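So this one's target-v2.cif, mmCIF, C-alpha atoms:
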data_my_file
#
loop_
_atom_site.label_atom_id
_atom_site.label_comp_id
_atom_site.auth_asym_id
_atom_site.auth_seq_id
_atom_site.Cartn_x
_atom_site.Cartn_y
_atom_site.Cartn_z
CA MET B 1 78.66 40.90 16.24
CA ASP B 2 81.16 40.91 19.03
CA PHE B 3 80.03 37.71 20.65
CA VAL B 4 80.90 35.89 17.43
CA GLN B 5 84.46 37.11 17.80
CA VAL B 6 84.56 36.16 21.48
CA LEU B 7 83.26 32.72 20.65
CA ARG B 8 85.67 32.23 17.82
CA ASP B 9 88.62 33.21 20.00
CA GLU B 10 87.47 30.98 22.84
CA PHE B 11 87.03 27.96 20.62
CA MET B 12 90.22 28.43 18.68
CA GLY B 13 92.09 28.87 21.91
CA ARG B 14 90.79 25.65 23.41
CA PHE B 15 90.55 23.31 20.50
CA GLY B 16 92.82 24.76 17.91
CA GLU B 17 92.97 22.60 14.86
CA ARG B 18 90.39 20.06 16.00
CA LEU B 19 87.64 22.48 14.99
CA ARG B 20 86.62 24.12 11.80
CA ILE B 21 84.70 27.39 12.15
CA GLU B 22 82.79 28.86 9.28
CA ASP B 23 81.10 32.24 9.06
CA VAL B 24 77.77 31.85 7.37
CA ASP B 25 75.13 34.22 6.18
CA HIS B 26 72.50 34.45 8.86
CA ALA B 27 69.81 35.48 6.40
CA LYS B 28 70.32 32.27 4.42
CA ARG B 29 71.26 29.72 7.03
CA GLY B 30 69.72 31.03 10.22
CA CYS B 31 72.91 30.86 12.21
CA HIS B 32 75.97 33.03 12.51
CA LEU B 33 78.65 30.40 12.94
CA ASP B 34 78.83 26.82 11.80
CA ILE B 35 81.37 24.89 13.82
CA THR B 36 82.41 21.37 12.87
CA ALA B 37 83.83 19.58 15.87
CA SER B 38 84.83 16.02 16.67
CA GLY B 39 82.86 13.76 18.97
CA VAL B 40 85.38 13.74 21.79
CA ASP B 41 85.18 17.50 22.21
CA ILE B 42 81.44 17.89 22.45
CA GLU B 43 81.24 17.96 26.24
CA GLU B 44 83.86 20.62 26.55
CA ALA B 45 82.32 22.62 23.74
CA ALA B 46 78.94 22.45 25.43
CA SER B 47 80.35 23.67 28.71
CA VAL B 48 82.04 26.55 26.90
CA MET B 49 78.72 27.52 25.37
CA ASP B 50 77.01 27.24 28.73
CA GLY B 51 79.63 29.44 30.30
CA LEU B 52 79.05 32.08 27.64
CA GLY B 53 75.33 32.08 28.35
CA PHE B 54 73.98 30.22 25.33
CA THR B 55 70.88 28.09 25.53
CA LEU B 56 70.45 24.80 23.73
CA GLU B 57 67.74 24.96 21.10
CA ALA B 58 67.81 21.56 19.45
CA ILE B 59 69.84 18.48 18.76
CA SER B 60 69.11 17.09 15.31
CA GLY B 61 70.41 13.96 13.64
CA ILE B 62 71.26 13.38 10.00
CA ASP B 63 72.01 10.04 8.42
CA TRP B 64 74.71 9.97 5.72
CA PRO B 65 74.75 6.35 4.56
CA ALA B 66 76.95 7.06 1.54
CA GLU B 67 79.63 8.54 3.77
CA GLU B 68 79.26 5.85 6.46
CA ALA B 69 78.57 8.51 9.08
CA MET B 70 75.83 10.06 11.13
CA GLU B 71 75.86 13.71 11.94
CA LEU B 72 74.50 15.52 14.97
CA VAL B 73 73.77 19.23 14.83
CA TYR B 74 73.60 21.09 18.14
CA ASP B 75 71.87 24.45 17.79
CA PHE B 76 72.71 27.06 20.41
CA ASN B 77 71.08 30.42 20.82
CA LYS B 78 71.70 33.52 22.87
CA MET B 79 68.39 35.29 22.87
CA ALA B 80 69.55 38.53 24.46
CA GLU B 81 72.08 39.24 21.75
CA GLY B 82 70.35 37.38 18.97
CA GLY B 83 73.10 34.97 18.08
CA ARG B 84 72.70 31.41 16.86
CA ILE B 85 75.51 28.93 16.58
CA ALA B 86 75.41 25.44 15.10
CA ILE B 87 77.93 22.81 16.16
CA ARG B 88 78.14 19.74 13.94
CA VAL B 89 79.64 16.46 15.03
CA ARG B 90 80.08 13.31 12.97
CA VAL B 91 80.00 9.81 14.38
CA SER B 92 80.54 6.49 12.67
CA ARG B 93 77.51 4.67 11.35
CA GLU B 94 78.17 1.13 12.58
CA ARG B 95 78.78 2.15 16.20
CA PRO B 96 77.37 5.63 16.67
CA GLU B 97 78.43 6.77 20.11
CA ILE B 98 78.97 10.16 21.62
CA ALA B 99 79.11 11.65 25.08
CA SER B 100 75.87 13.00 26.48
CA ILE B 101 75.63 16.68 27.38
CA SER B 102 72.57 16.25 29.58
CA LYS B 103 74.55 17.06 32.72
CA ILE B 104 75.47 20.46 31.29
CA TYR B 105 72.22 21.24 29.52
CA GLY B 106 69.25 19.57 31.21
CA GLY B 107 67.13 20.08 28.13
CA ALA B 108 69.43 17.84 26.12
CA ASN B 109 67.95 14.85 27.94
CA TRP B 110 64.91 14.55 25.70
CA TYR B 111 66.69 15.56 22.51
CA GLU B 112 69.21 12.79 23.04
CA ARG B 113 66.45 10.28 23.76
CA GLU B 114 64.81 11.22 20.49
CA ALA B 115 68.05 11.03 18.54
CA HIS B 116 68.66 7.65 20.08
CA GLU B 117 65.29 6.20 19.19
CA MET B 118 65.21 7.65 15.68
CA PHE B 119 68.80 6.96 14.63
CA GLY B 120 70.30 4.58 17.14
CA ILE B 121 72.98 6.96 18.37
CA VAL B 122 74.10 5.93 21.86
CA PHE B 123 74.76 8.79 24.26
CA SER B 124 77.10 7.55 26.95
CA GLY B 125 76.41 8.94 30.37
CA HIS B 126 72.75 9.60 29.66
CA PRO B 127 70.65 8.81 32.72
CA ASN B 128 67.63 7.39 30.91
CA LEU B 129 68.11 6.45 27.26
CA THR B 130 64.63 5.02 26.64
CA PRO B 131 62.35 5.82 23.69
CA LEU B 132 60.54 9.12 23.96
CA VAL B 133 57.83 8.96 21.30
CA LEU B 134 58.15 5.43 20.01
CA PRO B 135 56.68 2.56 22.01
CA GLU B 136 58.89 1.46 24.88
CA ASP B 137 59.75 -1.85 23.25
CA ALA B 138 60.65 -0.46 19.82
CA THR B 139 63.86 -1.87 18.43
CA PHE B 140 63.81 -0.14 15.09
CA HIS B 141 65.23 3.28 14.19
CA PRO B 142 62.83 4.90 11.75
CA LEU B 143 64.75 7.94 10.54
CA ARG B 144 67.66 5.94 9.16
CA LYS B 145 67.74 6.09 5.41
CA ASP B 146 67.67 2.32 5.07
CA PHE B 147 64.61 1.86 7.28
CA SER B 148 61.45 0.40 5.85
CA ALA B 149 58.87 -1.27 8.03
CA MET Z 1 38.63 -12.07 20.09
CA GLU Z 2 34.91 -11.71 19.66
CA LYS Z 3 34.05 -8.13 20.47
CA GLN Z 4 30.75 -7.50 22.17
CA THR Z 5 29.30 -4.43 20.56
CA SER Z 6 26.51 -3.65 22.94
CA PRO Z 7 26.68 -3.23 26.69
CA PRO Z 8 26.21 -6.54 28.55
CA SER Z 9 22.76 -7.12 29.91
CA ALA Z 10 21.61 -6.98 33.50
CA LEU Z 11 20.37 -9.62 35.93
CA ILE Z 12 16.74 -8.51 35.86
CA ARG Z 13 15.17 -6.84 32.88
CA PHE Z 14 11.75 -5.37 32.44
CA ALA Z 15 10.66 -4.28 29.00
CA VAL Z 16 9.18 -0.96 30.03
CA LEU Z 17 12.01 -0.23 32.44
CA ASP Z 18 14.48 -0.93 29.68
CA LYS Z 19 12.76 1.59 27.45
CA VAL Z 20 12.78 4.21 30.17
CA LEU Z 21 16.39 3.56 31.06
CA ALA Z 22 17.42 3.63 27.43
CA LEU Z 23 15.64 6.94 26.95
CA GLY Z 24 17.34 8.36 30.01
CA ARG Z 25 20.76 7.06 29.04
CA ALA Z 26 20.49 8.22 25.46
CA ASN Z 27 19.50 11.76 26.33
CA SER Z 28 22.13 12.28 28.95
CA LEU Z 29 25.27 10.83 27.47
CA TRP Z 30 28.25 12.10 29.40
CA PRO Z 31 31.26 12.08 27.15
CA MET Z 32 34.77 11.53 28.35
CA THR Z 33 36.96 13.89 26.45
CA PHE Z 34 39.42 11.86 24.55
CA GLY Z 35 40.68 14.52 22.24
CA LEU Z 36 43.94 13.37 20.79
CA ALA Z 37 44.49 15.57 17.74
CA CYS Z 38 42.71 17.98 15.39
CA CYS Z 39 39.31 16.34 15.77
CA ALA Z 40 39.43 17.39 19.39
CA LEU Z 41 39.09 20.99 18.28
CA GLU Z 42 35.96 20.13 16.37
CA MET Z 43 34.67 18.44 19.49
CA MET Z 44 35.41 21.57 21.49
CA ALA Z 45 33.63 23.64 18.84
CA THR Z 46 30.64 21.38 19.15
CA GLY Z 47 30.64 21.89 22.88
CA ALA Z 48 30.76 25.64 22.52
CA SER Z 49 27.74 27.84 22.11
CA ARG Z 50 27.22 27.93 18.36
CA PHE Z 51 26.77 24.23 17.75
CA ASP Z 52 25.82 23.44 21.31
CA ILE Z 53 26.02 19.79 22.20
CA SER Z 54 24.23 20.71 25.41
CA ARG Z 55 20.89 20.62 23.59
CA PHE Z 56 21.26 16.86 23.41
CA GLY Z 57 22.31 16.44 26.99
CA ALA Z 58 25.93 15.71 26.29
CA GLU Z 59 27.69 18.85 27.36
CA VAL Z 60 29.06 17.54 30.63
CA PHE Z 61 32.47 16.38 29.45
CA ARG Z 62 33.96 14.39 32.28
CA PRO Z 63 37.69 14.27 32.74
CA SER Z 64 37.51 11.04 34.67
CA PRO Z 65 36.49 7.79 32.96
CA ARG Z 66 34.58 6.62 36.00
CA GLN Z 67 32.03 9.38 35.64
CA ALA Z 68 31.52 9.08 31.88
CA ASP Z 69 29.58 6.71 29.70
CA LEU Z 70 30.58 7.77 26.22
CA MET Z 71 34.10 7.88 24.86
CA ILE Z 72 34.52 10.11 21.83
CA VAL Z 73 37.85 9.07 20.33
CA SER Z 74 38.83 12.23 18.46
CA GLY Z 75 42.13 12.00 16.73
CA THR Z 76 44.98 9.74 15.79
CA ILE Z 77 45.78 6.85 18.09
CA ASN Z 78 49.51 6.24 18.16
CA LYS Z 79 50.99 2.96 19.28
CA LYS Z 80 52.47 4.66 22.31
CA MET Z 81 49.04 5.93 23.33
CA ALA Z 82 47.28 2.60 22.79
CA PRO Z 83 47.88 1.15 26.30
CA ALA Z 84 46.60 4.35 27.88
CA ILE Z 85 43.45 4.40 25.79
CA LEU Z 86 42.77 0.74 26.57
CA THR Z 87 43.20 1.41 30.29
CA LEU Z 88 40.76 4.29 30.10
CA TYR Z 89 38.25 2.19 28.16
CA ASP Z 90 38.46 -0.45 30.87
CA GLN Z 91 37.86 2.08 33.58
CA ILE Z 92 34.59 3.40 32.13
CA PRO Z 93 31.76 1.55 33.89
CA GLU Z 94 29.00 -0.11 31.88
CA PRO Z 95 26.91 0.81 29.97
CA LYS Z 96 29.46 2.46 27.76
CA TRP Z 97 29.57 3.46 24.13
CA VAL Z 98 32.36 4.60 21.82
CA ILE Z 99 32.19 7.07 18.97
CA ALA Z 100 35.09 7.05 16.50
CA HIS Z 101 35.29 10.70 15.53
CA GLY Z 102 37.27 11.46 12.41
CA ASN Z 103 39.17 9.44 9.87
CA CYS Z 104 42.10 8.67 12.13
CA ALA Z 105 39.91 7.01 14.70
CA ILE Z 106 38.04 5.07 12.03
CA SER Z 107 41.00 3.64 10.16
CA GLY Z 108 44.17 5.59 10.81
CA GLY Z 109 43.23 8.38 8.45
CA PRO Z 110 45.85 10.13 6.33
CA PHE Z 111 48.67 8.57 8.29
CA VAL Z 112 48.40 5.11 6.83
CA PHE Z 113 50.96 4.27 4.18
CA PRO Z 114 52.97 1.13 3.54
CA GLY Z 115 55.80 1.24 6.01
CA GLN Z 116 54.12 3.27 8.73
CA TYR Z 117 55.30 2.35 12.17
CA SER Z 118 53.47 4.48 14.66
CA VAL Z 119 49.71 4.70 14.08
CA VAL Z 120 47.06 2.22 15.21
CA GLU Z 121 44.81 1.87 12.20
CA GLY Z 122 41.51 2.69 13.77
CA ALA Z 123 39.97 2.61 17.22
CA ASP Z 124 38.12 -0.59 16.41
CA LYS Z 125 41.42 -2.43 16.41
CA LEU Z 126 41.43 -1.86 20.16
CA PHE Z 127 37.81 -2.02 21.32
CA PRO Z 128 34.30 -2.11 19.81
CA VAL Z 129 33.06 1.11 18.29
CA ASP Z 130 29.38 2.02 18.08
CA VAL Z 131 29.26 4.99 15.72
CA TYR Z 132 31.78 6.05 13.09
CA ILE Z 133 31.88 9.70 12.03
CA PRO Z 134 33.95 10.18 8.89
CA GLY Z 135 35.64 13.43 8.08
CA CYS Z 136 39.03 15.03 8.41
CA PRO Z 137 37.93 16.66 10.60
CA PRO Z 138 34.17 16.22 10.53
CA ARG Z 139 32.15 19.37 10.99
CA PRO Z 140 30.46 19.93 14.35
CA GLU Z 141 27.15 19.16 12.71
CA ALA Z 142 28.55 15.76 11.80
CA LEU Z 143 29.47 15.10 15.40
CA LEU Z 144 25.96 16.07 16.46
CA GLU Z 145 24.53 13.72 13.86
CA GLY Z 146 26.78 11.03 15.27
CA ILE Z 147 25.39 11.64 18.76
CA LEU Z 148 21.86 11.42 17.35
CA LYS Z 149 22.72 8.17 15.61
CA LEU Z 150 23.99 6.83 18.90
CA GLU Z 151 20.77 7.87 20.57
CA GLU Z 152 18.90 6.01 17.86
CA LYS Z 153 21.07 2.98 18.49
CA ILE Z 154 20.39 3.08 22.21
CA THR Z 155 16.67 3.74 22.18
CA GLY Z 156 15.70 2.05 18.93
CA ARG Z 157 14.02 5.03 17.32
CA ARG Z 158 15.15 8.43 16.17
CA ARG Z 159 13.52 11.41 17.82
CA TRP Z 160 14.95 14.13 15.64
CA PRO Z 161 14.14 15.00 12.03
CA ILE Z 162 16.62 14.08 9.33
CA VAL Z 163 18.11 17.22 7.91
CA GLU Z 164 18.02 17.49 4.13
CA GLY Z 165 21.12 18.91 2.53
CA GLY Z 166 21.27 21.72 -0.01
CA MET U 1 13.42 -2.69 86.46
CA ILE U 2 11.29 -0.94 83.77
CA PRO U 3 7.70 -2.25 83.75
CA LEU U 4 6.43 -3.65 80.49
CA ARG U 5 3.79 -1.06 79.56
CA MET U 6 2.11 -0.72 76.18
CA ASP U 7 3.23 2.85 75.46
CA TYR U 8 6.86 2.02 76.23
CA LEU U 9 6.59 -0.87 73.84
CA LEU U 10 5.01 1.36 71.23
CA ASP U 11 7.84 3.89 71.49
CA PHE U 12 10.35 1.13 71.20
CA PHE U 13 8.53 -0.14 68.13
CA TYR U 14 8.72 3.32 66.56
CA VAL U 15 12.47 3.48 67.16
CA CYS U 16 12.92 0.04 65.64
CA ALA U 17 10.83 1.00 62.63
CA PHE U 18 12.96 4.08 62.03
CA PHE U 19 16.11 2.03 62.40
CA VAL U 20 14.94 -0.53 59.86
CA GLY U 21 13.77 2.23 57.54
CA GLY U 22 17.16 3.91 57.72
CA LEU U 23 18.94 0.68 56.93
CA ALA U 24 16.57 0.03 54.03
CA LEU U 25 17.17 3.52 52.67
CA ALA U 26 20.85 2.74 52.56
CA ILE U 27 20.78 -0.84 51.30
CA VAL U 28 17.85 -0.94 48.85
CA PRO U 29 19.29 1.45 46.23
CA VAL U 30 22.51 -0.55 46.16
CA LEU U 31 20.49 -3.72 45.69
CA ILE U 32 18.39 -2.18 42.93
CA SER U 33 21.45 -1.03 41.04
CA HIS U 34 23.01 -4.49 41.39
CA LEU U 35 19.91 -6.00 39.84
CA ILE U 36 19.32 -3.70 36.93
CA ALA U 37 22.88 -2.70 36.07
CA PRO U 38 24.80 -4.53 33.36
CA ALA U 39 26.35 -7.71 34.64
CA LYS U 40 29.99 -7.10 33.82
CA THR U 41 32.26 -4.42 32.44
CA ARG U 42 33.87 -5.09 29.08
CA ASN U 43 37.60 -4.81 29.51
CA TYR U 44 40.59 -5.66 27.40
CA VAL U 45 43.61 -5.10 29.60
CA HIS U 46 41.93 -5.91 32.93
CA LYS U 47 42.59 -2.50 34.37
CA THR U 48 39.00 -1.82 35.39
CA GLY U 49 39.75 -1.75 39.10
CA GLN U 50 42.94 0.26 38.89
CA ALA U 51 43.09 3.73 40.43
CA ILE U 52 42.73 6.36 37.74
CA GLU U 53 45.85 8.18 36.59
CA CYS U 54 44.66 9.29 33.15
CA GLY U 55 45.58 6.02 31.48
CA MET U 56 49.01 5.66 33.06
CA ASP U 57 49.98 3.38 35.91
CA PRO U 58 49.55 5.21 39.21
CA ILE U 59 52.72 6.60 40.72
CA GLY U 60 53.07 6.37 44.48
CA ASP U 61 50.54 5.76 47.17
CA ALA U 62 47.18 7.37 47.83
CA TRP U 63 48.00 7.81 51.51
CA ILE U 64 49.80 11.13 51.19
CA ARG U 65 50.10 14.11 53.47
CA PHE U 66 47.41 16.71 52.92
CA GLY U 67 47.75 20.40 53.75
CA VAL U 68 46.64 21.15 57.31
CA VAL U 69 44.32 23.90 56.09
CA TYR U 70 41.75 21.22 55.11
CA TYR U 71 41.66 20.11 58.75
CA LEU U 72 40.73 23.63 59.76
CA TYR U 73 37.83 23.60 57.32
CA ALA U 74 36.67 20.37 58.92
CA LEU U 75 36.82 21.97 62.38
CA ILE U 76 34.72 24.92 61.32
CA PHE U 77 32.20 22.55 59.79
CA ILE U 78 31.98 20.64 63.09
CA GLY U 79 31.34 23.90 64.91
CA PHE U 80 28.48 24.84 62.63
CA SER U 81 26.90 21.43 62.53
CA VAL U 82 26.90 21.07 66.32
CA ASP U 83 25.26 24.47 66.37
CA VAL U 84 22.44 23.26 64.19
CA LEU U 85 22.14 20.00 66.09
CA TYR U 86 21.49 21.73 69.39
CA LEU U 87 19.10 24.22 67.87
CA LEU U 88 16.75 21.45 66.78
CA PRO U 89 15.46 20.65 70.30
CA VAL U 90 15.00 24.37 70.92
CA ALA U 91 12.89 24.57 67.77
CA THR U 92 10.57 21.81 68.99
CA VAL U 93 9.66 23.65 72.22
CA TYR U 94 9.85 27.16 70.88
CA ASN U 95 7.20 29.60 72.14
CA GLU U 96 5.43 27.09 74.36
CA GLN U 97 5.97 29.57 77.18
CA PRO U 98 4.97 33.21 76.64
CA GLY U 99 7.65 35.87 76.64
CA PHE U 100 11.13 36.26 75.18
CA ARG U 101 12.74 33.39 77.03
CA ASP U 102 13.19 31.15 74.01
CA LEU U 103 14.47 33.94 71.78
CA ALA U 104 17.03 34.97 74.37
CA GLU U 105 18.05 31.35 74.76
CA VAL U 106 18.66 31.01 71.00
CA PHE U 107 20.67 34.22 70.83
CA LEU U 108 22.79 33.20 73.79
CA PHE U 109 23.51 29.84 72.28
CA ILE U 110 24.42 31.19 68.86
CA GLY U 111 26.45 33.95 70.46
CA ILE U 112 28.62 31.49 72.34
CA LEU U 113 29.10 29.30 69.33
CA SER U 114 29.99 32.25 67.14
CA LEU U 115 33.00 32.76 69.34
CA VAL U 116 34.37 29.66 67.62
CA LEU U 117 34.05 31.44 64.31
CA LEU U 118 35.65 34.58 65.70
CA TYR U 119 38.59 32.64 67.06
CA ALA U 120 39.13 30.90 63.73
CA TRP U 121 38.85 34.22 61.89
CA LYS U 122 41.46 35.81 64.13
CA LYS U 123 43.72 32.81 63.54
CA GLY U 124 43.57 33.48 59.83
CA VAL U 125 41.61 30.43 58.68
CA PHE U 126 39.84 32.40 55.98
CA ILE U 127 43.03 33.47 54.26
CA TRP U 128 44.22 30.79 51.88
CA LYS U 129 47.96 31.20 51.64
CA SER U 130 49.58 30.07 48.46
CA LYS U 131 52.57 27.85 49.04
CA LEU U 132 54.32 28.79 45.82
CA PRO U 133 57.34 31.09 46.00
CA PRO U 134 56.76 34.56 44.56
CA HIS U 135 57.35 34.80 40.83
CA PRO U 136 60.75 36.29 40.03
CA PRO U 137 60.50 39.65 38.29
#
As C-alpha cells, what does this structure read like?
Amino acid sequence: MDFVQVLRDEFMGRFGERLRIEDVDHAKRGCHLDITASGVDIEEAASVMDGLGFTLEAISGIDWPAEEAMELVYDFNKMAEGGRIAIRVRVSRERPEIASISKIYGGANWYEREAHEMFGIVFSGHPNLTPLVLPEDATFHPLRKDFSA
Amino acid sequence: MEKQTSPPSALIRFAVLDKVLALGRANSLWPMTFGLACCALEMMATGASRFDISRFGAEVFRPSPRQADLMIVSGTINKKMAPAILTLYDQIPEPKWVIAHGNCAISGGPFVFPGQYSVVEGADKLFPVDVYIPGCPPRPEALLEGILKLEEKITGRRRWPIVEGG
Amino acid sequence: MIPLRMDYLLDFFYVCAFFVGGLALAIVPVLISHLIAPAKTRNYVHKTGQAIECGMDPIGDAWIRFGVVYYLYALIFIGFSVDVLYLLPVATVYNEQPGFRDLAEVFLFIGILSLVLLYAWKKGVFIWKSKLPPHPP
C-alpha cells in the first residue's frame, strides 16, 4: 500500500523519534499502521492526517490503572484507498489533559465529549465539553476501572 | 408524593353522561408515540396491518402530546431522557392514561444491576401508570390485550372475549 | 328619521336573534367543555403550558419569518372566497326574470374573477420552488 509508505515518511519526517510506528496485520487488527504518539503532538498529527485526506472514525478511551495512565486511540480511515490508521496517545491518570482536535476534525467534538464524560479526560480548546449521554449534572466517570456506583 | 392514578374529575358529572363519555374515550384512545427502544418496534408492528390496533380505535398515533390522550411508554427510560418524558406527560391534556409497555418501562428491565447509573427503574417512578404490559418485548397481541385492559379500566366492563391460550 | 313600524322592528328582532344565536354557537361549546372536562391536569414538572418542542425547552421565538409563498396562497384564497360571497346574492334572485340574463351575469362575474387566477398562474404561484441547493453529484 503506497499510502502507508507516504504516511510513514511524512510522520517520521515531522516527528522523528517522538513517534513509534508499527506495521500490523490488517486481517487481525483491522488497521494497517499503529502509531504511538505523545500528547503534545496530537494536533499536528491530526492536521497531517487531514491534509492527506483521512477521515476520523472514532476516538476511544482506555483506562490503565496499573500503569497510572489513560490511553486514547484515534482511528483514521481513508475510504477511497481502504486504509485505516490508529494513533495511540497516553495521558497521565491523575490529570488527564490533551489538546482537542475538534477544530481540525469537526466530528471529534462529540467523541471528545464522550471521552470526557466517561473517563474524565479534559480536552483543552474544546468549545463545549459537557456530557453527551450522561445527565448534564453527572460528576462521575463510569468507564474508569475503579468506578462503582 | 401521592400519585393520583385516575384522571381528576370534572365540575359537573352526570352518571349516564359519564358512561357515554367513558365509552367514547375508551374506544378512541389516541396514543402518543413514545417509542424509546425495542418495544417501539413491537408497537409499530401492532399498528401495522397484521395485528391492527386500528380495530380498537387507537391507530391515530399523534406526534404531539396536546392531541393525544394515551402515552405508551415503550422502551428504556434513561436518566437523560427523564426530564423530556416528564415534560411530555405534563403537556398531555386530561383525561390521560399511561401504558408501561415492556419490562424496561415497568421496572428498568434487563438493565438493572447493582451499580447501574443510567436507567430510571420504571416509568412509575416518574408518573402514575395505568396498565403494565410485561415482556421483553411483549408480542403485539400483548399490547392489544393491554389496550383492552385499559378500556376495561376506563369503562368498567370488558367488551371483548378473553382469549384462551393453547 | 325612520318611523317606528312593526315590520322594521320585526326585521331588527330577526337580526338580533341571529346575532345572539351566533354568539351562543361560539360560547356554549366552550362553556360545556369547561363544565364536563376534568378540573385540572396532573403535572409533575409544571410544564403544562409550555410550547411543545418534543420534550425539550423551546429554542427561539415563535415569531419567525415565514416564506412569502404562503402569503400568495392566502391571496388566492381571498380571491376565491370573494367570488363565492358575491355569487350568493345572485343565487337568491336567479331566474326570477325569464331569459339568459342571470346566466350571462354569472359567467361575466366568474370570468372577471378568473383573471385573478390567470395572473397568479402566470406569476408562477403554482410552482413550489425548493429552496435547497441542488445535490452535488
Which residues, written as a PDB file with C-alpha atoms, keeping the file's coordinate frame, have at least one atom at most 7 Å from range 73-88 of chain B, with all atoms listed in the file counted and residues fewer than 4 positions away on the same chain left out?
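Contents of out_36.pdb, freshly written:
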ATOM      1  CA  CYS B  31      72.910  30.860  12.210  1.00  0.00           C
ATOM      2  CA  HIS B  32      75.970  33.030  12.510  1.00  0.00           C
ATOM      3  CA  LEU B  33      78.650  30.400  12.940  1.00  0.00           C
ATOM      4  CA  ASP B  34      78.830  26.820  11.800  1.00  0.00           C
ATOM      5  CA  ILE B  35      81.370  24.890  13.820  1.00  0.00           C
ATOM      6  CA  THR B  36      82.410  21.370  12.870  1.00  0.00           C
ATOM      7  CA  ALA B  37      83.830  19.580  15.870  1.00  0.00           C
ATOM      8  CA  GLY B  53      75.330  32.080  28.350  1.00  0.00           C
ATOM      9  CA  PHE B  54      73.980  30.220  25.330  1.00  0.00           C
ATOM     10  CA  THR B  55      70.880  28.090  25.530  1.00  0.00           C
ATOM     11  CA  LEU B  56      70.450  24.800  23.730  1.00  0.00           C
ATOM     12  CA  GLU B  57      67.740  24.960  21.100  1.00  0.00           C
ATOM     13  CA  ALA B  58      67.810  21.560  19.450  1.00  0.00           C
ATOM     14  CA  ILE B  59      69.840  18.480  18.760  1.00  0.00           C
ATOM     15  CA  SER B  60      69.110  17.090  15.310  1.00  0.00           C
ATOM     16  CA  GLY B  61      70.410  13.960  13.640  1.00  0.00           C
TER      17      GLY B  61
END
Practice item. Enumerate, as an MDAnalysis selection string, the residues matched when the PyMOL selection byres ((chain B) within 12 of (chain Z)) is run on the file above. Key: chainID B and resid 118 131:143 146:149
Enumerate, in order of chain and increasing residue number, the residues of chain Z with an atom no farther than 6 Å from chain U, each with its shortest atom pair and distance in Å to one decimal, counting all atoms listed in the file, as JSON lines.
{"residue": "Z:Pro8", "atom": "CA", "partner": "U:Pro38", "partner_atom": "CA", "distance": 5.4}
{"residue": "Z:Ser9", "atom": "CA", "partner": "U:Pro38", "partner_atom": "CA", "distance": 4.8}
{"residue": "Z:Ala10", "atom": "CA", "partner": "U:Pro38", "partner_atom": "CA", "distance": 4.0}
{"residue": "Z:Leu11", "atom": "CA", "partner": "U:Leu35", "partner_atom": "CA", "distance": 5.3}
{"residue": "Z:Ile12", "atom": "CA", "partner": "U:Ile36", "partner_atom": "CA", "distance": 5.6}
{"residue": "Z:Ala84", "atom": "CA", "partner": "U:Gly55", "partner_atom": "CA", "distance": 4.1}
{"residue": "Z:Thr87", "atom": "CA", "partner": "U:Gly55", "partner_atom": "CA", "distance": 5.3}
{"residue": "Z:Leu88", "atom": "CA", "partner": "U:Gly55", "partner_atom": "CA", "distance": 5.3}
{"residue": "Z:Asp90", "atom": "CA", "partner": "U:Asn43", "partner_atom": "CA", "distance": 4.6}
{"residue": "Z:Gln91", "atom": "CA", "partner": "U:Thr48", "partner_atom": "CA", "distance": 4.4}
{"residue": "Z:Glu94", "atom": "CA", "partner": "U:Thr41", "partner_atom": "CA", "distance": 5.4}
Practice item. List the residues matched by the PyMOL selection byres ((chain B and resi 98) around 8) in the displayed structure as a PyMOL selection string, ordered by chain and then by residue number. Key: chain B and resi 39-40+91+96-97+99-100+121-124
Point to revise | Contact residues around Asn109 in chain B with all atoms listed in the file at 10 Å, ignoring same-chain residues under 3 positions, as a list of chain:residue names | key: B:Ser100, B:Ile101, B:Ser102, B:Lys103, B:Ile104, B:Tyr105, B:Gly106, B:Glu112, B:Arg113, B:Glu114, B:Phe123, B:His126, B:Pro127, B:Asn128, B:Leu129
Writing out the chosen residues with C-alpha atoms as a PDB file, keeping the file's coordinate frame:
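See again22.pdb below for the written result:
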ATOM      1  CA  SER B 100      75.870  13.000  26.480  1.00  0.00           C
ATOM      2  CA  ILE B 101      75.630  16.680  27.380  1.00  0.00           C
ATOM      3  CA  SER B 102      72.570  16.250  29.580  1.00  0.00           C
ATOM      4  CA  LYS B 103      74.550  17.060  32.720  1.00  0.00           C
ATOM      5  CA  ILE B 104      75.470  20.460  31.290  1.00  0.00           C
ATOM      6  CA  TYR B 105      72.220  21.240  29.520  1.00  0.00           C
ATOM      7  CA  GLY B 106      69.250  19.570  31.210  1.00  0.00           C
ATOM      8  CA  GLU B 112      69.210  12.790  23.040  1.00  0.00           C
ATOM      9  CA  ARG B 113      66.450  10.280  23.760  1.00  0.00           C
ATOM     10  CA  GLU B 114      64.810  11.220  20.490  1.00  0.00           C
ATOM     11  CA  PHE B 123      74.760   8.790  24.260  1.00  0.00           C
ATOM     12  CA  HIS B 126      72.750   9.600  29.660  1.00  0.00           C
ATOM     13  CA  PRO B 127      70.650   8.810  32.720  1.00  0.00           C
ATOM     14  CA  ASN B 128      67.630   7.390  30.910  1.00  0.00           C
ATOM     15  CA  LEU B 129      68.110   6.450  27.260  1.00  0.00           C
TER      16      LEU B 129
END
Point to revise | Shell of 9 Å around Pro134 in chain Z, only C-alpha atoms, local chain residues under 6 positions omitted, as a PyMOL selection string | key: chain Z and resi 100-106+142
Once you add 4 Å to each side, what are the centre and edge lengths of the axis-aligned box holding all listed atoms of range 112-115 of chain U? One decimal in Å, as AutoDock Vina command-line options, if you can.
--center_x 30.8 --center_y 31.0 --center_z 69.7 --size_x 12.4 --size_y 11.5 --size_z 13.2
Point to revise | Two-atom distance - CA of Asp63 in chain B, CA of Arg93 in chain B (Å) | key: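 Interatomic distance here is 8.2 Å.
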**Study point:** Residues matched by the PyMOL selection byres ((chain U and resi 125) around 12) as an MDAnalysis selection string
**Key:** chainID U and resid 68:76 116:124 126:129
Exercise for review: Measure the distance from CA of Tyr111 in chain B to CA of Ser38 in chain B in Å and round it to one decimal.
Suggested key: 19.1 Å
Check your understanding: CA of Leu113 in chain U and CA of Leu87 in chain U are how many Å apart?
Key ->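 Interatomic distance here is 11.3 Å.
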**Study point:** Nearby residues, (31.7, 14.8, 32.9) file frame, 12 Å, all atoms listed in the file, as a VMD selection string
**Key:** chain Z and resid 28 to 34 57 to 71 92
